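Structure file final.txt (compact mmCIF, C-alpha atoms) is printed below.
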```
# COMPACT_ATOMS: atom_id res chain seq x y z
CA MET K 1 86.38 105.52 101.95
CA ASP K 2 87.20 108.54 99.79
CA ILE K 3 90.09 106.82 97.98
CA ASP K 4 89.28 105.50 94.51
CA LEU K 5 90.92 102.07 94.42
CA GLY K 6 89.54 101.12 91.01
CA LEU K 7 88.10 97.79 89.90
CA LEU K 8 91.54 96.25 89.31
CA GLY K 9 94.50 95.96 91.65
CA ALA K 10 97.97 94.74 90.64
CA HIS K 11 99.87 92.57 93.12
CA LEU K 12 103.64 92.70 92.70
CA ARG K 13 106.64 91.96 94.89
CA GLU K 14 109.46 94.47 95.14
CA HIS K 15 111.72 92.49 92.78
CA GLU K 16 108.92 92.39 90.17
CA VAL K 17 108.28 96.12 89.94
CA SER K 18 110.23 99.33 89.51
CA PRO K 19 109.09 102.94 89.48
CA GLU K 20 109.21 102.77 85.69
CA SER K 21 107.11 99.62 85.41
CA ALA K 22 104.67 101.03 87.97
CA VAL K 23 103.95 103.74 85.41
CA GLU K 24 103.14 100.98 82.89
CA VAL K 25 100.76 99.37 85.37
CA GLU K 26 99.02 102.68 85.94
CA ARG K 27 98.67 103.27 82.19
CA ALA K 28 97.20 99.78 81.77
CA GLY K 29 94.22 100.84 83.89
CA TYR K 30 94.97 99.55 87.40
CA GLY K 31 93.56 101.63 90.22
CA THR K 32 95.86 100.21 92.88
CA LEU K 33 99.32 98.69 92.99
CA TRP K 34 99.64 96.34 95.95
CA LEU K 35 103.22 95.85 97.16
CA ASP K 36 103.25 92.20 98.16
CA ALA K 37 105.13 90.04 100.67
CA SER K 38 106.37 91.82 103.82
CA PRO K 39 107.66 95.31 103.00
CA PRO K 40 109.94 96.89 105.64
CA ALA K 41 108.41 99.25 108.17
CA ASP K 42 109.94 102.33 106.54
CA LEU K 43 107.69 101.76 103.47
CA ALA K 44 110.33 103.55 101.40
CA PHE K 45 109.70 101.56 98.23
CA ALA K 46 105.97 102.20 98.36
CA GLU K 47 106.80 105.90 98.50
CA LYS K 48 109.06 105.59 95.43
CA LEU K 49 106.20 103.99 93.49
CA LEU K 50 103.92 106.85 94.47
CA ASP K 51 106.55 109.40 93.45
CA ALA K 52 106.73 107.81 89.98
CA THR K 53 102.99 107.63 89.32
CA THR K 54 100.29 110.27 89.22
CA ARG K 55 96.90 108.85 90.22
CA MET K 56 97.27 105.17 91.14
CA VAL K 57 96.86 104.21 94.78
CA VAL K 58 99.67 102.18 96.34
CA GLY K 59 98.96 99.74 99.15
CA THR K 60 100.81 97.12 101.17
CA SER K 61 99.75 93.49 100.88
CA VAL K 62 100.80 93.19 103.52
CA VAL K 63 102.80 94.74 106.32
CA ASN K 64 103.74 91.79 108.53
CA VAL K 65 103.06 92.23 112.25
CA TRP K 66 106.05 90.05 113.17
CA THR K 67 108.63 91.97 111.14
CA ALA K 68 107.42 95.59 111.02
CA ASP K 69 107.11 97.61 114.23
CA ALA K 70 103.68 99.24 114.40
CA GLU K 71 104.91 102.64 115.57
CA THR K 72 107.53 102.77 112.80
CA VAL K 73 104.88 101.79 110.24
CA ALA K 74 102.59 104.52 111.57
CA ALA K 75 105.33 107.14 111.24
CA SER K 76 105.95 105.95 107.67
CA TYR K 77 102.23 106.14 106.93
CA HIS K 78 102.06 109.77 108.09
CA ARG K 79 105.15 110.68 106.05
CA ILE K 80 103.69 109.14 102.90
CA VAL K 81 100.18 110.60 103.15
CA ALA K 82 101.61 114.06 103.82
CA ARG K 83 103.40 113.78 100.48
CA HIS K 84 100.71 111.84 98.59
CA PRO K 85 97.32 112.52 100.19
CA GLY K 86 94.56 110.13 99.22
CA ARG K 87 96.87 107.67 97.47
CA PHE K 88 98.06 105.21 100.11
CA ILE K 89 96.34 102.38 101.98
CA LEU K 90 97.90 100.16 104.62
CA GLY K 91 97.30 96.42 104.36
CA VAL K 92 98.27 94.49 107.48
CA GLY K 93 98.55 90.76 108.07
CA ILE K 94 99.64 88.08 110.49
CA GLY K 95 101.94 86.11 108.19
CA HIS K 96 102.30 82.33 108.34
CA ARG K 97 103.07 79.99 111.21
CA GLU K 98 105.47 78.09 108.93
CA VAL K 99 107.69 81.18 108.67
CA HIS K 100 107.59 82.92 112.04
CA ALA K 101 108.96 81.11 115.08
CA GLU K 102 107.26 83.62 117.37
CA TRP K 103 103.82 82.81 115.94
CA ALA K 104 101.21 82.81 118.71
CA SER K 105 97.66 84.05 119.28
CA PRO K 106 97.19 85.36 115.74
CA TYR K 107 93.85 87.06 116.40
CA ASP K 108 95.01 88.82 119.57
CA THR K 109 98.34 89.76 118.02
CA LEU K 110 96.71 91.32 114.96
CA ALA K 111 94.07 93.10 117.04
CA SER K 112 96.80 94.53 119.28
CA TYR K 113 98.79 95.68 116.24
CA VAL K 114 95.76 97.47 114.79
CA HIS K 115 95.20 99.12 118.17
CA ARG K 116 98.80 100.37 118.20
CA LEU K 117 98.35 101.82 114.71
CA THR K 118 95.19 103.59 115.88
CA LEU K 119 96.96 105.05 118.92
CA ALA K 120 99.66 106.32 116.57
CA GLY K 121 97.08 108.17 114.51
CA VAL K 122 96.56 105.86 111.54
CA PRO K 123 92.87 106.17 110.61
CA ALA K 124 90.90 102.93 110.64
CA GLU K 125 89.50 103.82 107.21
CA ARG K 126 93.02 103.60 105.75
CA VAL K 127 93.75 100.07 107.05
CA VAL K 128 92.66 96.73 105.58
CA LEU K 129 93.42 93.27 106.95
CA ALA K 130 94.58 90.10 105.22
CA ALA K 131 91.60 88.25 106.65
CA LEU K 132 90.52 84.78 105.55
CA GLY K 133 88.48 83.10 108.27
CA PRO K 134 85.29 84.35 109.91
CA ARG K 135 86.94 85.63 113.08
CA MET K 136 89.55 87.70 111.22
CA LEU K 137 86.90 88.99 108.83
CA ARG K 138 84.84 90.18 111.80
CA LEU K 139 87.94 91.94 113.15
CA ALA K 140 88.35 93.65 109.77
CA ARG K 141 84.70 94.70 109.87
CA GLU K 142 84.86 96.06 113.40
CA ARG K 143 88.27 97.73 113.46
CA THR K 144 89.33 98.63 109.91
CA ALA K 145 88.08 99.59 106.45
CA GLY K 146 87.81 95.97 105.34
CA ALA K 147 89.72 92.94 104.08
CA ILE K 148 92.29 92.01 101.45
CA PRO K 149 92.24 88.20 101.34
CA GLY K 150 94.50 86.17 99.04
CA MET K 151 94.45 82.59 97.69
CA VAL K 152 90.65 82.76 97.59
CA THR K 153 87.80 81.88 95.26
CA PRO K 154 84.67 83.80 94.26
CA GLU K 155 82.74 81.66 96.74
CA HIS K 156 84.98 82.94 99.52
CA THR K 157 84.28 86.46 98.31
CA ARG K 158 80.54 85.83 98.51
CA ARG K 159 80.82 84.53 102.09
CA ALA K 160 83.20 87.31 103.10
CA ARG K 161 80.80 89.97 101.83
CA GLU K 162 78.05 88.49 103.98
CA LEU K 163 80.31 88.72 107.05
CA LEU K 164 81.72 92.17 106.31
CA GLY K 165 78.44 93.81 105.39
CA ALA K 166 77.91 96.29 102.61
CA ASP K 167 79.94 99.18 104.03
CA ARG K 168 83.38 97.54 104.28
CA LEU K 169 85.95 97.08 101.54
CA LEU K 170 86.48 93.61 100.13
CA LEU K 171 89.58 93.35 97.93
CA PRO K 172 90.32 89.70 97.11
CA GLY K 173 93.37 88.67 95.12
CA HIS K 174 93.28 86.04 92.35
CA PHE K 175 96.02 84.44 90.26
CA ALA K 176 95.88 85.08 86.53
CA LEU K 177 97.68 83.89 83.41
CA PRO K 178 96.80 84.71 79.77
CA GLU K 179 97.20 81.11 78.58
CA PRO K 180 94.44 79.35 76.61
CA ASP K 181 95.90 75.86 77.07
CA ALA K 182 94.61 74.43 80.36
CA GLU K 183 97.47 72.00 80.93
CA ARG K 184 100.14 74.64 80.34
CA ALA K 185 98.31 77.12 82.59
CA ARG K 186 97.99 74.56 85.38
CA ALA K 187 101.67 73.61 85.07
CA VAL K 188 102.69 77.24 85.57
CA ALA K 189 100.37 77.57 88.56
CA ARG K 190 101.72 74.38 90.14
CA ALA K 191 105.32 75.57 89.82
CA ALA K 192 104.54 78.77 91.76
CA PRO K 193 101.86 79.93 94.13
CA PRO K 194 99.06 78.87 94.15
CA GLY K 195 100.34 75.31 93.75
CA GLN K 196 103.36 75.87 95.98
CA ALA K 197 101.26 77.50 98.73
CA LEU K 198 98.62 74.82 99.28
CA GLN K 199 100.41 73.43 102.34
CA VAL K 200 100.50 76.81 104.11
CA THR K 201 98.24 76.26 107.10
CA ASN K 202 95.99 79.31 106.94
CA TYR K 203 95.46 78.94 103.18
CA ALA K 204 94.80 75.20 103.46
CA ASN K 205 92.34 75.66 106.31
CA ASN K 206 90.47 78.31 104.37
CA LEU K 207 90.25 76.13 101.27
CA ARG K 208 88.91 73.27 103.37
CA ARG K 209 86.19 75.60 104.67
CA LEU K 210 85.28 76.18 101.03
CA GLY K 211 84.82 72.45 100.44
CA PHE K 212 88.18 71.37 99.05
CA THR K 213 89.48 68.03 100.28
CA ASP K 214 92.88 66.82 101.47
CA GLU K 215 93.17 65.09 98.11
CA ASP K 216 92.60 68.42 96.34
CA LEU K 217 95.31 70.05 98.46
CA SER K 218 97.92 67.29 98.30
CA GLY K 219 101.14 67.98 96.44
CA THR K 220 100.70 70.93 94.11
CA GLY K 221 96.95 70.56 93.91
CA SER K 222 94.20 68.88 91.95
CA ASP K 223 92.92 70.36 88.71
CA ARG K 224 89.81 71.36 90.66
CA VAL K 225 91.61 73.55 93.19
CA ILE K 226 94.05 75.01 90.66
CA ASP K 227 91.18 75.96 88.36
CA ALA K 228 89.40 77.59 91.29
CA LEU K 229 92.44 79.72 92.19
CA LEU K 230 93.70 80.59 88.70
CA ALA K 231 92.00 82.62 85.97
CA TYR K 232 93.28 81.58 82.56
CA GLY K 233 92.10 81.04 78.99
CA ASP K 234 91.37 83.29 76.04
CA PRO K 235 90.71 86.96 76.93
CA PRO K 236 86.96 86.55 77.63
CA GLY K 237 87.55 83.41 79.71
CA LEU K 238 90.38 85.05 81.64
CA ALA K 239 88.21 88.07 82.32
CA ARG K 240 85.26 85.99 83.50
CA GLY K 241 87.42 84.26 86.11
CA LEU K 242 88.26 87.61 87.68
CA ILE K 243 84.95 89.39 87.20
CA ALA K 244 83.35 86.54 89.17
CA HIS K 245 84.80 88.16 92.31
CA LEU K 246 83.17 91.48 91.45
CA ASP K 247 79.87 89.73 90.84
CA ALA K 248 80.24 87.99 94.23
CA GLY K 249 80.56 91.29 96.07
CA ALA K 250 84.18 92.45 95.75
CA ASP K 251 84.90 96.16 95.47
CA GLN K 252 88.07 95.37 93.55
CA VAL K 253 89.73 92.21 92.28
CA GLY K 254 93.48 92.09 92.75
CA VAL K 255 95.56 90.28 90.14
CA TYR K 256 98.48 88.04 91.08
CA PRO K 257 100.22 87.79 87.69
CA LEU K 258 101.84 84.49 86.70
CA GLY K 259 104.29 83.96 83.86
CA ASP K 260 107.78 85.11 82.99
CA ASP K 261 106.80 88.78 82.61
CA PRO K 262 104.42 89.87 85.39
CA VAL K 263 103.85 93.34 83.97
CA ALA K 264 103.00 91.92 80.53
CA THR K 265 100.52 89.58 82.23
CA LEU K 266 98.97 92.54 84.03
CA ARG K 267 98.57 94.44 80.76
CA ALA K 268 96.87 91.45 79.11
CA VAL K 269 94.56 90.98 82.09
CA ALA K 270 93.57 94.65 82.15
CA ASP K 271 92.81 94.61 78.43
CA ALA K 272 90.62 91.53 78.86
CA VAL K 273 88.73 92.67 81.96
CA LEU K 274 88.23 96.31 81.02
CA ALA K 275 86.87 95.30 77.62
CA ILE K 276 83.98 93.64 79.46
CA ARG K 277 83.75 95.68 82.65
CA PRO K 278 85.08 99.21 82.02
CA GLY K 279 86.50 100.76 85.15
```
Taking this structure as input, can you express it in the form of structure tokens?
Amino acid sequence: MDIDLGLLGAHLREHEVSPESAVEVERAGYGTLWLDASPPADLAFAEKLLDATTRMVVGTSVVNVWTADAETVAASYHRIVARHPGRFILGVGIGHREVHAEWASPYDTLASYVHRLTLAGVPAERVVLAALGPRMLRLARERTAGAIPGMVTPEHTRRARELLGADRLLLPGHFALPEPDAERARAVARAAPPGQALQVTNYANNLRRLGFTDEDLSGTGSDRVIDALLAYGDPPGLARGLIAHLDAGADQVGVYPLGDDPVATLRAVADAVLAIRPG
């Protein structure tokens, strides 16, 4: 891929970011801003973020196959890259069975959606999949530029790199909070994702594959699983929790910021990580 995504990605939902704060994220040193949740097929907000910034890539994490028509997404993709060449990447995902009543045949549905994007002229090297399990990771390897998994650990990153091979992108996301007190950090994590997402089927199944037990996943999670999904501590400790993904084979580690001020969290994370691993 000829897009420079950078070592750090910032994951933000539409209500957490504005064109003005996107400029702050770019200045902090992030190579990519990932627009989270399920952005509409017109991708208008992603375009606004690109208009406001100068070099940072914007991506979707992720376009939801159940809510965004593939042909409309493809038309939006072409509109955006014509205006901002080399600065947009399309993340696509299957969503969650708990949310979508029409959920069925997730692998076939996602494969068909990718095929429709291809027919509409979206290059495979500009698409990444929200792939967790081995079958979806193989689909990402065979049909797209790579994978953008969330709610994962460095061990998942290591396994995913083995499945994807060396020539595909691997862009895991990890929760982060600049909080040195372990109990306070865990309490924040339990009140939001990751703690509130442990019962989501595809996340839970993936964590079980990584060796976590039903006891770990019950309620809002054991200390063991929360510590595996959340980077926290003093700046060096916070940085080590994220750099572990890079050491395990990630091309970029995406940051899911926790706390009352997501952009402030992102700035603190970038300062900590880039002090150790300059981008």
Considering only C-alpha atoms, tabulate each residue of range 112-208 of chain K that lies at most 9 Å from range 65-82 of chain K along with its nearest interatomic pair and the corresponding distance in Å to one decimal; arrange the rows by chain and ascending residue number and present them as CSV.
```
residue,atom,partner,partner_atom,distance
K:Tyr113,CA,K:Ala70,CA,6.3
K:Val114,CA,K:Ala70,CA,8.1
K:Arg116,CA,K:Ala70,CA,6.3
K:Leu117,CA,K:Ala74,CA,5.9
K:Thr118,CA,K:Ala74,CA,8.6
K:Leu119,CA,K:Glu71,CA,9.0
K:Ala120,CA,K:Ala74,CA,6.1
K:Gly121,CA,K:Ala74,CA,7.2
K:Val122,CA,K:Ala74,CA,6.2
```
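Nearest residue to Leu90 in chain K, choosing from K:Arg159, K:Arg141, K:Arg208, K:Arg126 and counting only C-alpha atoms: K:Arg126.
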Near range 209-212 of chain K, counting all atoms listed in the file, which residues have an atom at most 9 Å away, once you skip same-chain residues fewer than 5 positions from it, shown as number ranges by chain?
K: 133, 153, 155-156, 204, 217, 224-225
Write the residues of the selection above to a file with C-alpha atoms, as a short mmCIF file (atom, residue, chain, number, x, y, z; two decimals), in the coordinates of the input.
```cif
data_model
loop_
_atom_site.label_atom_id
_atom_site.label_comp_id
_atom_site.auth_asym_id
_atom_site.auth_seq_id
_atom_site.Cartn_x
_atom_site.Cartn_y
_atom_site.Cartn_z
CA GLY K 133 88.48 83.10 108.27
CA THR K 153 87.80 81.88 95.26
CA GLU K 155 82.74 81.66 96.74
CA HIS K 156 84.98 82.94 99.52
CA ALA K 204 94.80 75.20 103.46
CA LEU K 217 95.31 70.05 98.46
CA ARG K 224 89.81 71.36 90.66
CA VAL K 225 91.61 73.55 93.19
#
```
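Minimum atom-to-atom distance to Ser61 in chain K, evaluated using only C-alpha atoms, belongs to K:Gly254 out of K:Gly249, K:Pro154, K:Gly254, K:Pro85.
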Any chance you could tabulate, as JSON lines, the residues of range 214-251 of chain K at most 10 Å from range 186-192 of chain K with each one's nearest atom pair and distance in Å to one decimal, using all atoms listed in the file, in chain and rising number order?
```
{"residue": "K:Gly219", "atom": "CA", "partner": "K:Arg190", "partner_atom": "CA", "distance": 9.0}
{"residue": "K:Thr220", "atom": "CA", "partner": "K:Arg190", "partner_atom": "CA", "distance": 5.4}
{"residue": "K:Gly221", "atom": "CA", "partner": "K:Arg190", "partner_atom": "CA", "distance": 7.2}
{"residue": "K:Ser222", "atom": "CA", "partner": "K:Arg186", "partner_atom": "CA", "distance": 9.5}
{"residue": "K:Asp223", "atom": "CA", "partner": "K:Arg186", "partner_atom": "CA", "distance": 7.4}
{"residue": "K:Ile226", "atom": "CA", "partner": "K:Arg186", "partner_atom": "CA", "distance": 6.6}
{"residue": "K:Asp227", "atom": "CA", "partner": "K:Arg186", "partner_atom": "CA", "distance": 7.6}
{"residue": "K:Leu229", "atom": "CA", "partner": "K:Ala189", "partner_atom": "CA", "distance": 9.0}
{"residue": "K:Leu230", "atom": "CA", "partner": "K:Ala189", "partner_atom": "CA", "distance": 7.3}
{"residue": "K:Tyr232", "atom": "CA", "partner": "K:Arg186", "partner_atom": "CA", "distance": 8.9}
```
Contacts of Ile243 in chain K at 8 Å or less, counting only C-alpha atoms, minus same-chain residues fewer than 4 places along, as a PyMOL selection string?
chain K and resi 239+247+253+273+277
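From CA of Gly259 in chain K back to CA of Val200 in chain K, the distance works out to 21.8 Å.
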Atomic distance CA of Asp251 in chain K - CA of Glu125 in chain K, expressed in Å with one decimal:
14.8 Å
Counting only C-alpha atoms, write as a ChimeraX atom specification all protein and nucleic acid residues lying at most 8 Å from (92.8, 94.8, 101.5) in the file's frame.
/K:61,91,127-130,146-149,169-172
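Using all atoms listed in the file, the nearest neighbour of Gly165 in chain K within the list K:Gly150, K:Leu258, K:Ser105, K:Leu137 is K:Leu137.
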Selection near Pro39 in chain K, 10 Å with all atoms listed in the file, sequence-local residues under 5 positions removed, as JSON, numbers by chain:
{"K": [13, 14, 44, 45, 46, 60, 61, 62, 63, 64, 67, 68]}
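Each of K:Arg267, K:His115, K:Arg184, K:Arg161 was compared to Ala131 in chain K using only C-alpha atoms, and K:Arg161 turns out to be the nearest.
Our summary of the geometry notes that CA of Glu179 in chain K is positioned 24.1 Å from CA of Ser218 in chain K.
Residues in contact with range 29-31 of chain K at 7 Å, where all atoms listed in the file are counted and same-chain residues fewer than 4 positions away are skipped, are listed as Leu5, Gly6, Leu7, Leu8, Gly9, Ala10, Val25, Met56, Val57 and Ala270 of chain K.
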Would you mind exporting C-alpha atoms of the selected residues as an mmCIF file, keeping the file's coordinate frame?
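New file again-v7.cif:
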```cif
data_model
loop_
_atom_site.group_PDB
_atom_site.id
_atom_site.type_symbol
_atom_site.label_atom_id
_atom_site.label_comp_id
_atom_site.auth_asym_id
_atom_site.auth_seq_id
_atom_site.Cartn_x
_atom_site.Cartn_y
_atom_site.Cartn_z
ATOM 1 C CA LEU K 5 90.920 102.070 94.420
ATOM 2 C CA GLY K 6 89.540 101.120 91.010
ATOM 3 C CA LEU K 7 88.100 97.790 89.900
ATOM 4 C CA LEU K 8 91.540 96.250 89.310
ATOM 5 C CA GLY K 9 94.500 95.960 91.650
ATOM 6 C CA ALA K 10 97.970 94.740 90.640
ATOM 7 C CA VAL K 25 100.760 99.370 85.370
ATOM 8 C CA MET K 56 97.270 105.170 91.140
ATOM 9 C CA VAL K 57 96.860 104.210 94.780
ATOM 10 C CA ALA K 270 93.570 94.650 82.150
#
```
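Comparing the minimum interatomic distances between Ala28 in chain K and each of K:Ile94, K:Leu110, K:Ile276, K:Leu266, counting all atoms listed in the file, we find that K:Leu266 sits nearest.
Comparing the minimum interatomic distances between Asp4 in chain K and each of K:Arg87, K:Arg27, K:His174, K:Arg240, counting all atoms listed in the file, we find that K:Arg87 sits nearest.
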Could you model N, CA and C atoms for range 165-189 of chain K and present them as a PDB file, in the coordinates of the input?
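Writing the result to result-v6.pdb gives the following:
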```pdb
ATOM      1  N   GLY K 165      79.494  92.842 105.609  1.00  0.00           N
ATOM      2  CA  GLY K 165      78.440  93.810 105.390  1.00  0.00           C
ATOM      3  C   GLY K 165      78.742  94.668 104.181  1.00  0.00           C
ATOM      4  N   ALA K 166      77.812  95.533 103.850  1.00  0.00           N
ATOM      5  CA  ALA K 166      77.910  96.290 102.610  1.00  0.00           C
ATOM      6  C   ALA K 166      78.858  97.471 102.681  1.00  0.00           C
ATOM      7  N   ASP K 167      79.201  97.925 103.896  1.00  0.00           N
ATOM      8  CA  ASP K 167      79.940  99.180 104.030  1.00  0.00           C
ATOM      9  C   ASP K 167      81.426  98.984 104.306  1.00  0.00           C
ATOM     10  N   ARG K 168      81.946  97.779 104.102  1.00  0.00           N
ATOM     11  CA  ARG K 168      83.380  97.540 104.280  1.00  0.00           C
ATOM     12  C   ARG K 168      83.987  97.105 102.954  1.00  0.00           C
ATOM     13  N   LEU K 169      85.250  97.458 102.751  1.00  0.00           N
ATOM     14  CA  LEU K 169      85.950  97.080 101.540  1.00  0.00           C
ATOM     15  C   LEU K 169      86.233  95.587 101.515  1.00  0.00           C
ATOM     16  N   LEU K 170      86.102  95.006 100.344  1.00  0.00           N
ATOM     17  CA  LEU K 170      86.480  93.610 100.130  1.00  0.00           C
ATOM     18  C   LEU K 170      87.306  93.568  98.853  1.00  0.00           C
ATOM     19  N   LEU K 171      88.589  93.193  98.995  1.00  0.00           N
ATOM     20  CA  LEU K 171      89.580  93.350  97.930  1.00  0.00           C
ATOM     21  C   LEU K 171      90.336  92.041  97.721  1.00  0.00           C
ATOM     22  N   PRO K 172      89.661  90.997  97.264  1.00  0.00           N
ATOM     23  CA  PRO K 172      90.320  89.700  97.110  1.00  0.00           C
ATOM     24  C   PRO K 172      91.362  89.717  95.993  1.00  0.00           C
ATOM     25  N   GLY K 173      92.376  88.853  96.162  1.00  0.00           N
ATOM     26  CA  GLY K 173      93.370  88.670  95.120  1.00  0.00           C
ATOM     27  C   GLY K 173      93.212  87.321  94.448  1.00  0.00           C
ATOM     28  N   HIS K 174      93.472  87.269  93.127  1.00  0.00           N
ATOM     29  CA  HIS K 174      93.280  86.040  92.350  1.00  0.00           C
ATOM     30  C   HIS K 174      94.432  85.909  91.366  1.00  0.00           C
ATOM     31  N   PHE K 175      94.944  84.693  91.212  1.00  0.00           N
ATOM     32  CA  PHE K 175      96.020  84.440  90.260  1.00  0.00           C
ATOM     33  C   PHE K 175      95.483  84.481  88.841  1.00  0.00           C
ATOM     34  N   ALA K 176      96.323  84.953  87.917  1.00  0.00           N
ATOM     35  CA  ALA K 176      95.880  85.080  86.530  1.00  0.00           C
ATOM     36  C   ALA K 176      97.039  84.815  85.577  1.00  0.00           C
ATOM     37  N   LEU K 177      96.689  84.208  84.436  1.00  0.00           N
ATOM     38  CA  LEU K 177      97.680  83.890  83.410  1.00  0.00           C
ATOM     39  C   LEU K 177      96.972  83.895  82.050  1.00  0.00           C
ATOM     40  N   PRO K 178      97.420  84.714  81.091  1.00  0.00           N
ATOM     41  CA  PRO K 178      96.800  84.710  79.770  1.00  0.00           C
ATOM     42  C   PRO K 178      97.297  83.541  78.931  1.00  0.00           C
ATOM     43  N   GLU K 179      96.783  82.359  79.233  1.00  0.00           N
ATOM     44  CA  GLU K 179      97.200  81.110  78.580  1.00  0.00           C
ATOM     45  C   GLU K 179      95.963  80.292  78.241  1.00  0.00           C
ATOM     46  N   PRO K 180      95.657  80.088  76.969  1.00  0.00           N
ATOM     47  CA  PRO K 180      94.440  79.350  76.610  1.00  0.00           C
ATOM     48  C   PRO K 180      94.536  77.850  76.833  1.00  0.00           C
ATOM     49  N   ASP K 181      95.745  77.300  76.898  1.00  0.00           N
ATOM     50  CA  ASP K 181      95.900  75.860  77.070  1.00  0.00           C
ATOM     51  C   ASP K 181      95.833  75.509  78.559  1.00  0.00           C
ATOM     52  N   ALA K 182      94.845  74.727  78.939  1.00  0.00           N
ATOM     53  CA  ALA K 182      94.610  74.430  80.360  1.00  0.00           C
ATOM     54  C   ALA K 182      95.790  73.727  80.994  1.00  0.00           C
ATOM     55  N   GLU K 183      96.377  72.748  80.320  1.00  0.00           N
ATOM     56  CA  GLU K 183      97.470  72.000  80.930  1.00  0.00           C
ATOM     57  C   GLU K 183      98.695  72.882  81.132  1.00  0.00           C
ATOM     58  N   ARG K 184      98.998  73.741  80.161  1.00  0.00           N
ATOM     59  CA  ARG K 184     100.140  74.640  80.340  1.00  0.00           C
ATOM     60  C   ARG K 184      99.872  75.632  81.467  1.00  0.00           C
ATOM     61  N   ALA K 185      98.651  76.170  81.527  1.00  0.00           N
ATOM     62  CA  ALA K 185      98.310  77.120  82.590  1.00  0.00           C
ATOM     63  C   ALA K 185      98.429  76.462  83.962  1.00  0.00           C
ATOM     64  N   ARG K 186      97.910  75.255  84.089  1.00  0.00           N
ATOM     65  CA  ARG K 186      97.990  74.560  85.380  1.00  0.00           C
ATOM     66  C   ARG K 186      99.430  74.258  85.759  1.00  0.00           C
ATOM     67  N   ALA K 187     100.259  73.914  84.786  1.00  0.00           N
ATOM     68  CA  ALA K 187     101.670  73.610  85.070  1.00  0.00           C
ATOM     69  C   ALA K 187     102.372  74.845  85.622  1.00  0.00           C
ATOM     70  N   VAL K 188     102.102  76.009  85.048  1.00  0.00           N
ATOM     71  CA  VAL K 188     102.690  77.240  85.570  1.00  0.00           C
ATOM     72  C   VAL K 188     102.217  77.502  86.988  1.00  0.00           C
ATOM     73  N   ALA K 189     100.928  77.329  87.224  1.00  0.00           N
ATOM     74  CA  ALA K 189     100.370  77.570  88.560  1.00  0.00           C
ATOM     75  C   ALA K 189     100.937  76.614  89.593  1.00  0.00           C
TER      76      ALA K 189
END
```
